[in-house]
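So this block is start_15.csv, CSV, C-alpha atoms:
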chain,number,residue,atom,x,y,z
L,778,MET,CA,29.1,18.3,19.2
L,779,THR,CA,27.0,15.2,18.6
L,780,GLU,CA,26.3,14.3,15.0
L,781,THR,CA,22.7,13.7,14.1
L,782,PRO,CA,22.2,10.1,12.9
L,783,ALA,CA,20.8,9.5,9.5
L,784,PRO,CA,17.0,8.8,9.5
L,785,VAL,CA,16.0,5.1,9.4
L,786,HIS,CA,14.7,3.8,6.1
L,787,TRP,CA,11.3,2.1,6.7
L,788,LYS,CA,8.3,0.6,4.9
L,789,LEU,CA,4.8,-0.2,6.2
L,790,VAL,CA,4.1,-3.9,5.8
L,791,VAL,CA,0.4,-5.0,5.5
L,792,ASP,CA,-0.7,-8.6,5.8
L,793,ALA,CA,-3.0,-9.6,2.9
L,794,ALA,CA,-4.8,-12.6,1.5
L,795,ASP,CA,-4.2,-11.2,-2.1
L,796,PRO,CA,-1.2,-8.9,-2.0
L,797,HIS,CA,-1.5,-8.0,-5.7
L,798,ALA,CA,-5.1,-6.9,-5.5
L,799,GLN,CA,-4.2,-4.8,-2.4
L,800,ALA,CA,-1.2,-3.3,-4.2
L,801,ASP,CA,-3.5,-2.3,-7.1
L,802,PHE,CA,-6.1,-0.8,-4.7
L,803,TRP,CA,-3.5,1.2,-2.7
L,804,ALA,CA,-1.6,2.3,-5.7
L,805,GLY,CA,-4.8,3.7,-7.1
L,806,ALA,CA,-5.9,5.2,-3.7
L,807,LEU,CA,-2.6,7.0,-3.1
L,808,HIS,CA,-1.6,7.6,-6.8
L,809,TYR,CA,1.5,5.5,-6.1
L,810,ALA,CA,3.3,3.2,-8.5
L,811,VAL,CA,3.3,-0.6,-8.1
L,812,GLU,CA,6.9,-1.7,-8.0
L,813,ASP,CA,8.2,-3.6,-10.9
L,814,ASN,CA,10.6,-6.3,-9.7
L,815,SER,CA,10.5,-8.3,-12.9
L,816,ALA,CA,14.2,-7.8,-13.9
L,817,LEU,CA,15.3,-9.0,-10.5
L,818,ILE,CA,12.9,-12.0,-10.6
L,819,GLU,CA,14.0,-12.9,-14.1
L,820,ARG,CA,17.7,-12.9,-13.0
L,821,LEU,CA,16.8,-15.0,-9.9
L,822,LEU,CA,14.8,-17.5,-12.0
L,823,ALA,CA,17.7,-17.8,-14.6
L,824,ALA,CA,20.2,-18.4,-11.8
L,825,GLY,CA,18.0,-21.1,-10.2
L,826,ALA,CA,17.8,-19.0,-7.0
L,827,LEU,CA,14.0,-18.7,-7.1
L,828,PRO,CA,11.6,-21.5,-8.0
L,829,GLY,CA,8.9,-20.7,-10.6
L,830,ALA,CA,6.2,-21.5,-8.1
L,831,ALA,CA,7.3,-18.5,-6.1
L,832,THR,CA,6.2,-16.2,-8.9
L,833,VAL,CA,3.1,-15.1,-10.7
L,834,GLU,CA,2.3,-13.0,-13.8
L,835,PHE,CA,1.1,-9.6,-12.7
L,836,HIS,CA,0.2,-6.9,-15.3
L,837,GLY,CA,2.0,-8.9,-17.9
L,838,ARG,CA,5.3,-9.3,-16.1
L,839,PRO,CA,6.7,-11.7,-13.5
L,840,ALA,CA,6.2,-10.8,-9.8
L,841,PHE,CA,6.8,-12.4,-6.5
L,842,ARG,CA,3.8,-14.6,-5.6
L,843,ASP,CA,3.7,-13.6,-1.9
L,844,LEU,CA,4.7,-10.0,-1.8
L,845,ILE,CA,4.5,-6.8,-3.7
L,846,ALA,CA,5.0,-3.1,-2.9
L,847,VAL,CA,3.8,0.3,-4.0
L,848,ARG,CA,5.9,3.4,-3.8
L,849,HIS,CA,5.6,7.2,-4.2
L,850,PRO,CA,6.2,7.8,-7.9
L,851,GLU,CA,8.7,10.7,-7.2
L,852,ASP,CA,10.8,8.8,-4.7
L,853,PRO,CA,14.1,7.1,-5.7
L,854,PHE,CA,14.2,3.4,-6.5
L,855,ASP,CA,16.9,0.8,-7.3
L,856,ALA,CA,16.7,0.4,-11.0
L,857,ASP,CA,18.4,-3.0,-10.7
L,858,SER,CA,15.8,-4.5,-8.5
L,859,GLY,CA,12.8,-2.1,-8.9
L,860,THR,CA,12.7,-1.7,-5.1
L,861,GLY,CA,11.6,1.7,-3.8
L,862,LEU,CA,14.0,3.6,-1.6
L,863,GLY,CA,11.4,6.0,-0.1
L,864,ARG,CA,7.8,6.0,0.9
L,865,ARG,CA,6.5,2.4,0.5
L,866,LEU,CA,3.7,0.0,1.4
L,867,LEU,CA,4.6,-3.7,1.1
L,868,PHE,CA,1.8,-6.3,1.0
L,869,GLN,CA,2.7,-9.8,2.1
L,870,ARG,CA,0.5,-12.9,1.8
L,871,VAL,CA,-0.6,-14.5,5.1
L,872,PRO,CA,-2.8,-17.5,5.5
L,873,GLU,CA,-5.1,-16.1,8.2
L,874,ALA,CA,-7.9,-13.6,7.5
L,875,LYS,CA,-8.2,-10.2,9.3
L,876,THR,CA,-10.2,-10.7,12.5
L,877,VAL,CA,-10.0,-7.6,14.6
L,878,LYS,CA,-9.7,-3.8,14.2
L,879,ASN,CA,-6.4,-2.5,12.9
L,880,ARG,CA,-3.9,-1.3,15.5
L,881,LEU,CA,-2.4,1.0,12.8
L,882,HIS,CA,-4.1,2.7,9.8
L,883,LEU,CA,-3.6,5.3,7.1
L,884,ASP,CA,-5.2,8.7,7.1
L,885,LEU,CA,-5.7,10.2,3.7
L,886,HIS,CA,-6.0,14.0,3.6
L,887,PRO,CA,-7.5,15.3,0.4
L,888,GLY,CA,-9.1,18.3,2.3
L,889,ALA,CA,-12.7,18.9,3.4
L,890,GLU,CA,-13.6,20.4,0.0
L,891,ARG,CA,-12.5,17.2,-1.9
L,892,ARG,CA,-13.5,14.6,0.7
L,893,ALA,CA,-16.8,13.5,-0.8
L,894,ASP,CA,-15.3,13.2,-4.3
L,895,GLU,CA,-12.3,11.2,-2.9
L,896,VAL,CA,-14.6,8.9,-1.0
L,897,GLU,CA,-16.5,8.2,-4.2
L,898,ARG,CA,-13.3,7.6,-6.1
L,899,LEU,CA,-12.1,5.2,-3.4
L,900,ARG,CA,-15.4,3.3,-3.5
L,901,ALA,CA,-15.0,2.9,-7.2
L,902,LEU,CA,-11.6,1.3,-6.5
L,903,GLY,CA,-13.2,-1.2,-4.1
L,904,ALA,CA,-13.3,0.5,-0.7
L,905,SER,CA,-16.4,0.6,1.5
L,906,VAL,CA,-17.7,3.3,3.8
L,907,LEU,CA,-17.7,2.1,7.4
L,908,GLN,CA,-18.7,5.3,9.2
L,909,GLU,CA,-19.0,9.0,8.7
L,910,VAL,CA,-17.7,10.9,11.7
L,911,LYS,CA,-18.7,14.5,12.6
L,912,GLU,CA,-17.2,15.8,15.8
L,913,PRO,CA,-16.3,19.2,17.2
L,914,SER,CA,-12.6,18.3,16.4
L,915,GLY,CA,-13.4,17.7,12.7
L,916,ALA,CA,-15.1,15.4,10.2
L,917,TRP,CA,-13.8,12.3,8.4
L,918,VAL,CA,-15.0,9.1,6.8
L,919,VAL,CA,-13.8,5.7,8.1
L,920,MET,CA,-13.5,3.3,5.2
L,921,THR,CA,-12.2,-0.2,4.6
L,922,ASP,CA,-10.0,-1.4,1.7
L,923,PRO,CA,-11.1,-4.5,-0.2
L,924,GLU,CA,-9.7,-6.8,2.5
L,925,GLY,CA,-11.4,-4.9,5.4
L,926,ASN,CA,-8.5,-2.9,6.6
L,927,GLU,CA,-9.7,0.4,8.1
L,928,PHE,CA,-8.4,3.8,6.9
L,929,CYS,CA,-9.7,7.4,7.2
L,930,VAL,CA,-10.4,10.1,4.7
L,931,HIS,CA,-10.1,13.6,6.3
Take the structure I supplied and represent it as structure tokens, if you would.
Amino acid sequence: MTETPAPVHWKLVVDAADPHAQADFWAGALHYAVEDNSALIERLLAAGALPGAATVEFHGRPAFRDLIAVRHPEDPFDADSGTGLGRRLLFQRVPEAKTVKNRLHLDLHPGAERRADEVERLRALGASVLQEVKEPSGAWVVMTDPEGNEFCVH
């Protein structure tokens, strides 16, 4: 009998010009929590293992300058580092701007009866409507986050 291997732990990494603004947007959009890595950062700074220039103040606490993640609030996380151990999006700073259509995107599923309200809530967070789609297979709204990354609301 073959033993089933354990599932692979993963996170979706998104390139960003401003990872902290993206984390705030997507935490609000998904009702996720922005990870708090401040205890780890403070230990690394105190040990001289992390230069101060690699950090910023974010929501009143130290954060990594070039990356930050959001996680599902009910998923486990490492209390020592603040790093999520479940469903996560990690935003990492890159120097180049987005130039082409995403090859991968998120679909949000609030349901047809809540779609219009959800689109308005996401607009208030900084998203933009790109296109409203109505096809025989269904209806959805194509939106962009504050940096122009496409996602859909079904």
Separation of CA of Glu909 in chain L and CA of Glu897 in chain L, in Å?
13.2 Å
Let me make sure I understand: among L:Trp787, L:Phe854, L:Trp917, L:Phe928, which one has the smallest atom-to-atom distance to Lys878 in chain L if we use only C-alpha atoms?
L:Phe928
For range 830-840 of chain L, list every protein, DNA or RNA residue within 9 Å, evaluated using all atoms listed in the file, and leave out those in the same chain fewer than 3 positions away; present the list as a PDB file with C-alpha atoms, in the frame of the given file.
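Everything below was put into part-v7.pdb:
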ATOM      1  CA  HIS L 797      -1.500  -8.000  -5.700  1.00  0.00           C
ATOM      2  CA  ASP L 813       8.200  -3.600 -10.900  1.00  0.00           C
ATOM      3  CA  ASN L 814      10.600  -6.300  -9.700  1.00  0.00           C
ATOM      4  CA  SER L 815      10.500  -8.300 -12.900  1.00  0.00           C
ATOM      5  CA  ALA L 816      14.200  -7.800 -13.900  1.00  0.00           C
ATOM      6  CA  ILE L 818      12.900 -12.000 -10.600  1.00  0.00           C
ATOM      7  CA  GLU L 819      14.000 -12.900 -14.100  1.00  0.00           C
ATOM      8  CA  LEU L 827      14.000 -18.700  -7.100  1.00  0.00           C
ATOM      9  CA  ASP L 843       3.700 -13.600  -1.900  1.00  0.00           C
ATOM     10  CA  LEU L 844       4.700 -10.000  -1.800  1.00  0.00           C
ATOM     11  CA  ILE L 845       4.500  -6.800  -3.700  1.00  0.00           C
TER      12      ILE L 845
END
Near-His886 in chain L list (9 Å; only C-alpha atoms; drop same-chain fewer than 3 positions) as a PyMOL selection string:
chain L and resi 889+892+929-931
Can you pull out every residue within 7 Å of Asp852 in chain L, counting only C-alpha atoms, but drop anything in the same chain fewer than 6 positions away, and send it as a list in words?
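Once the adjacent positions are removed, what remains is Leu862, Gly863 and Arg864 of chain L.
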Do you know which residues are at most 12 Å from range 800-809 of chain L counting only C-alpha atoms, after dropping those on the same chain fewer than 6 positions away, and could you put them as a ChimeraX atom specification?
/L:790-794,835-836,840,843-852,861,863-870,883-887,895-904,920-924,926,928-930
So what do you get for CA of Pro796 in chain L versus CA of Arg842 in chain L, distance-wise?
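Going from CA of Pro796 in chain L over to CA of Arg842 in chain L covers 8.4 Å.
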CA of Ala798 in chain L and CA of Leu907 in chain L, how far apart in Å?
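According to the coordinates, CA of Leu907 in chain L and CA of Ala798 in chain L are separated by 20.2 Å.
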Nearest to His882 in chain L, chosen from L:Ala856, L:Leu817, L:Val906, L:Leu789, with all atoms listed in the file counted in the distances
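Closest to His882 in chain L of all the choices is L:Leu789.
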For Val918 in chain L, which of L:Asn879, L:Gln799, L:Thr781, L:Ser905 is the closest residue, counting all atoms listed in the file?
L:Ser905
Missing atoms in range 812-839 of chain L: fill them in up to N, CA and C atoms and send the result as a compact mmCIF listing (two decimals), keeping the file's coordinate frame.
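Saved to selection_2.txt:
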# COMPACT_ATOMS: atom_id res chain seq x y z
N GLU L 812 5.51 -1.39 -7.62
CA GLU L 812 6.90 -1.70 -8.00
C GLU L 812 7.02 -2.77 -9.00
N ASP L 813 7.95 -2.61 -9.89
CA ASP L 813 8.20 -3.60 -10.90
C ASP L 813 9.54 -4.29 -10.59
N ASN L 814 9.45 -5.48 -10.02
CA ASN L 814 10.60 -6.30 -9.70
C ASN L 814 10.97 -7.32 -10.71
N SER L 815 10.39 -7.20 -11.91
CA SER L 815 10.50 -8.30 -12.90
C SER L 815 11.94 -8.53 -13.34
N ALA L 816 12.79 -7.52 -13.46
CA ALA L 816 14.20 -7.80 -13.90
C ALA L 816 14.91 -8.59 -12.82
N LEU L 817 14.71 -8.27 -11.56
CA LEU L 817 15.30 -9.00 -10.50
C LEU L 817 14.79 -10.47 -10.48
N ILE L 818 13.49 -10.62 -10.63
CA ILE L 818 12.90 -12.00 -10.60
C ILE L 818 13.41 -12.80 -11.78
N GLU L 819 13.51 -12.20 -12.96
CA GLU L 819 14.00 -12.90 -14.10
C GLU L 819 15.46 -13.38 -13.88
N ARG L 820 16.29 -12.53 -13.27
CA ARG L 820 17.70 -12.90 -13.00
C ARG L 820 17.70 -14.07 -11.94
N LEU L 821 16.85 -13.98 -10.91
CA LEU L 821 16.80 -15.00 -9.90
C LEU L 821 16.32 -16.36 -10.47
N LEU L 822 15.33 -16.30 -11.34
CA LEU L 822 14.80 -17.50 -12.00
C LEU L 822 15.93 -18.13 -12.87
N ALA L 823 16.60 -17.29 -13.66
CA ALA L 823 17.70 -17.80 -14.60
C ALA L 823 18.81 -18.42 -13.79
N ALA L 824 19.10 -17.88 -12.61
CA ALA L 824 20.20 -18.40 -11.80
C ALA L 824 19.77 -19.61 -10.97
N GLY L 825 18.50 -19.98 -11.02
CA GLY L 825 18.00 -21.10 -10.20
C GLY L 825 17.87 -20.77 -8.75
N ALA L 826 17.90 -19.48 -8.40
CA ALA L 826 17.80 -19.00 -7.00
C ALA L 826 16.38 -18.81 -6.54
N LEU L 827 15.43 -18.90 -7.47
CA LEU L 827 14.00 -18.70 -7.10
C LEU L 827 13.21 -19.70 -7.93
N PRO L 828 12.39 -20.51 -7.24
CA PRO L 828 11.60 -21.50 -8.00
C PRO L 828 10.42 -20.74 -8.71
N GLY L 829 10.04 -21.25 -9.84
CA GLY L 829 8.90 -20.70 -10.60
C GLY L 829 7.66 -20.57 -9.81
N ALA L 830 7.45 -21.52 -8.89
CA ALA L 830 6.20 -21.50 -8.10
C ALA L 830 6.17 -20.32 -7.13
N ALA L 831 7.29 -19.63 -6.95
CA ALA L 831 7.30 -18.50 -6.10
C ALA L 831 6.97 -17.17 -6.82
N THR L 832 6.57 -17.33 -8.10
CA THR L 832 6.20 -16.20 -8.90
C THR L 832 4.85 -16.29 -9.51
N VAL L 833 4.31 -15.16 -9.94
CA VAL L 833 3.10 -15.10 -10.70
C VAL L 833 3.23 -14.07 -11.79
N GLU L 834 2.33 -14.11 -12.76
CA GLU L 834 2.30 -13.00 -13.80
C GLU L 834 1.38 -11.96 -13.23
N PHE L 835 1.86 -10.73 -13.22
CA PHE L 835 1.10 -9.60 -12.70
C PHE L 835 1.26 -8.44 -13.67
N HIS L 836 0.18 -8.01 -14.28
CA HIS L 836 0.20 -6.90 -15.30
C HIS L 836 1.22 -7.24 -16.39
N GLY L 837 1.22 -8.52 -16.80
CA GLY L 837 2.00 -8.90 -17.90
C GLY L 837 3.52 -9.11 -17.66
N ARG L 838 3.89 -9.13 -16.41
CA ARG L 838 5.30 -9.30 -16.10
C ARG L 838 5.43 -10.22 -14.85
N PRO L 839 6.58 -10.86 -14.66
CA PRO L 839 6.70 -11.70 -13.50
C PRO L 839 6.78 -10.88 -12.20
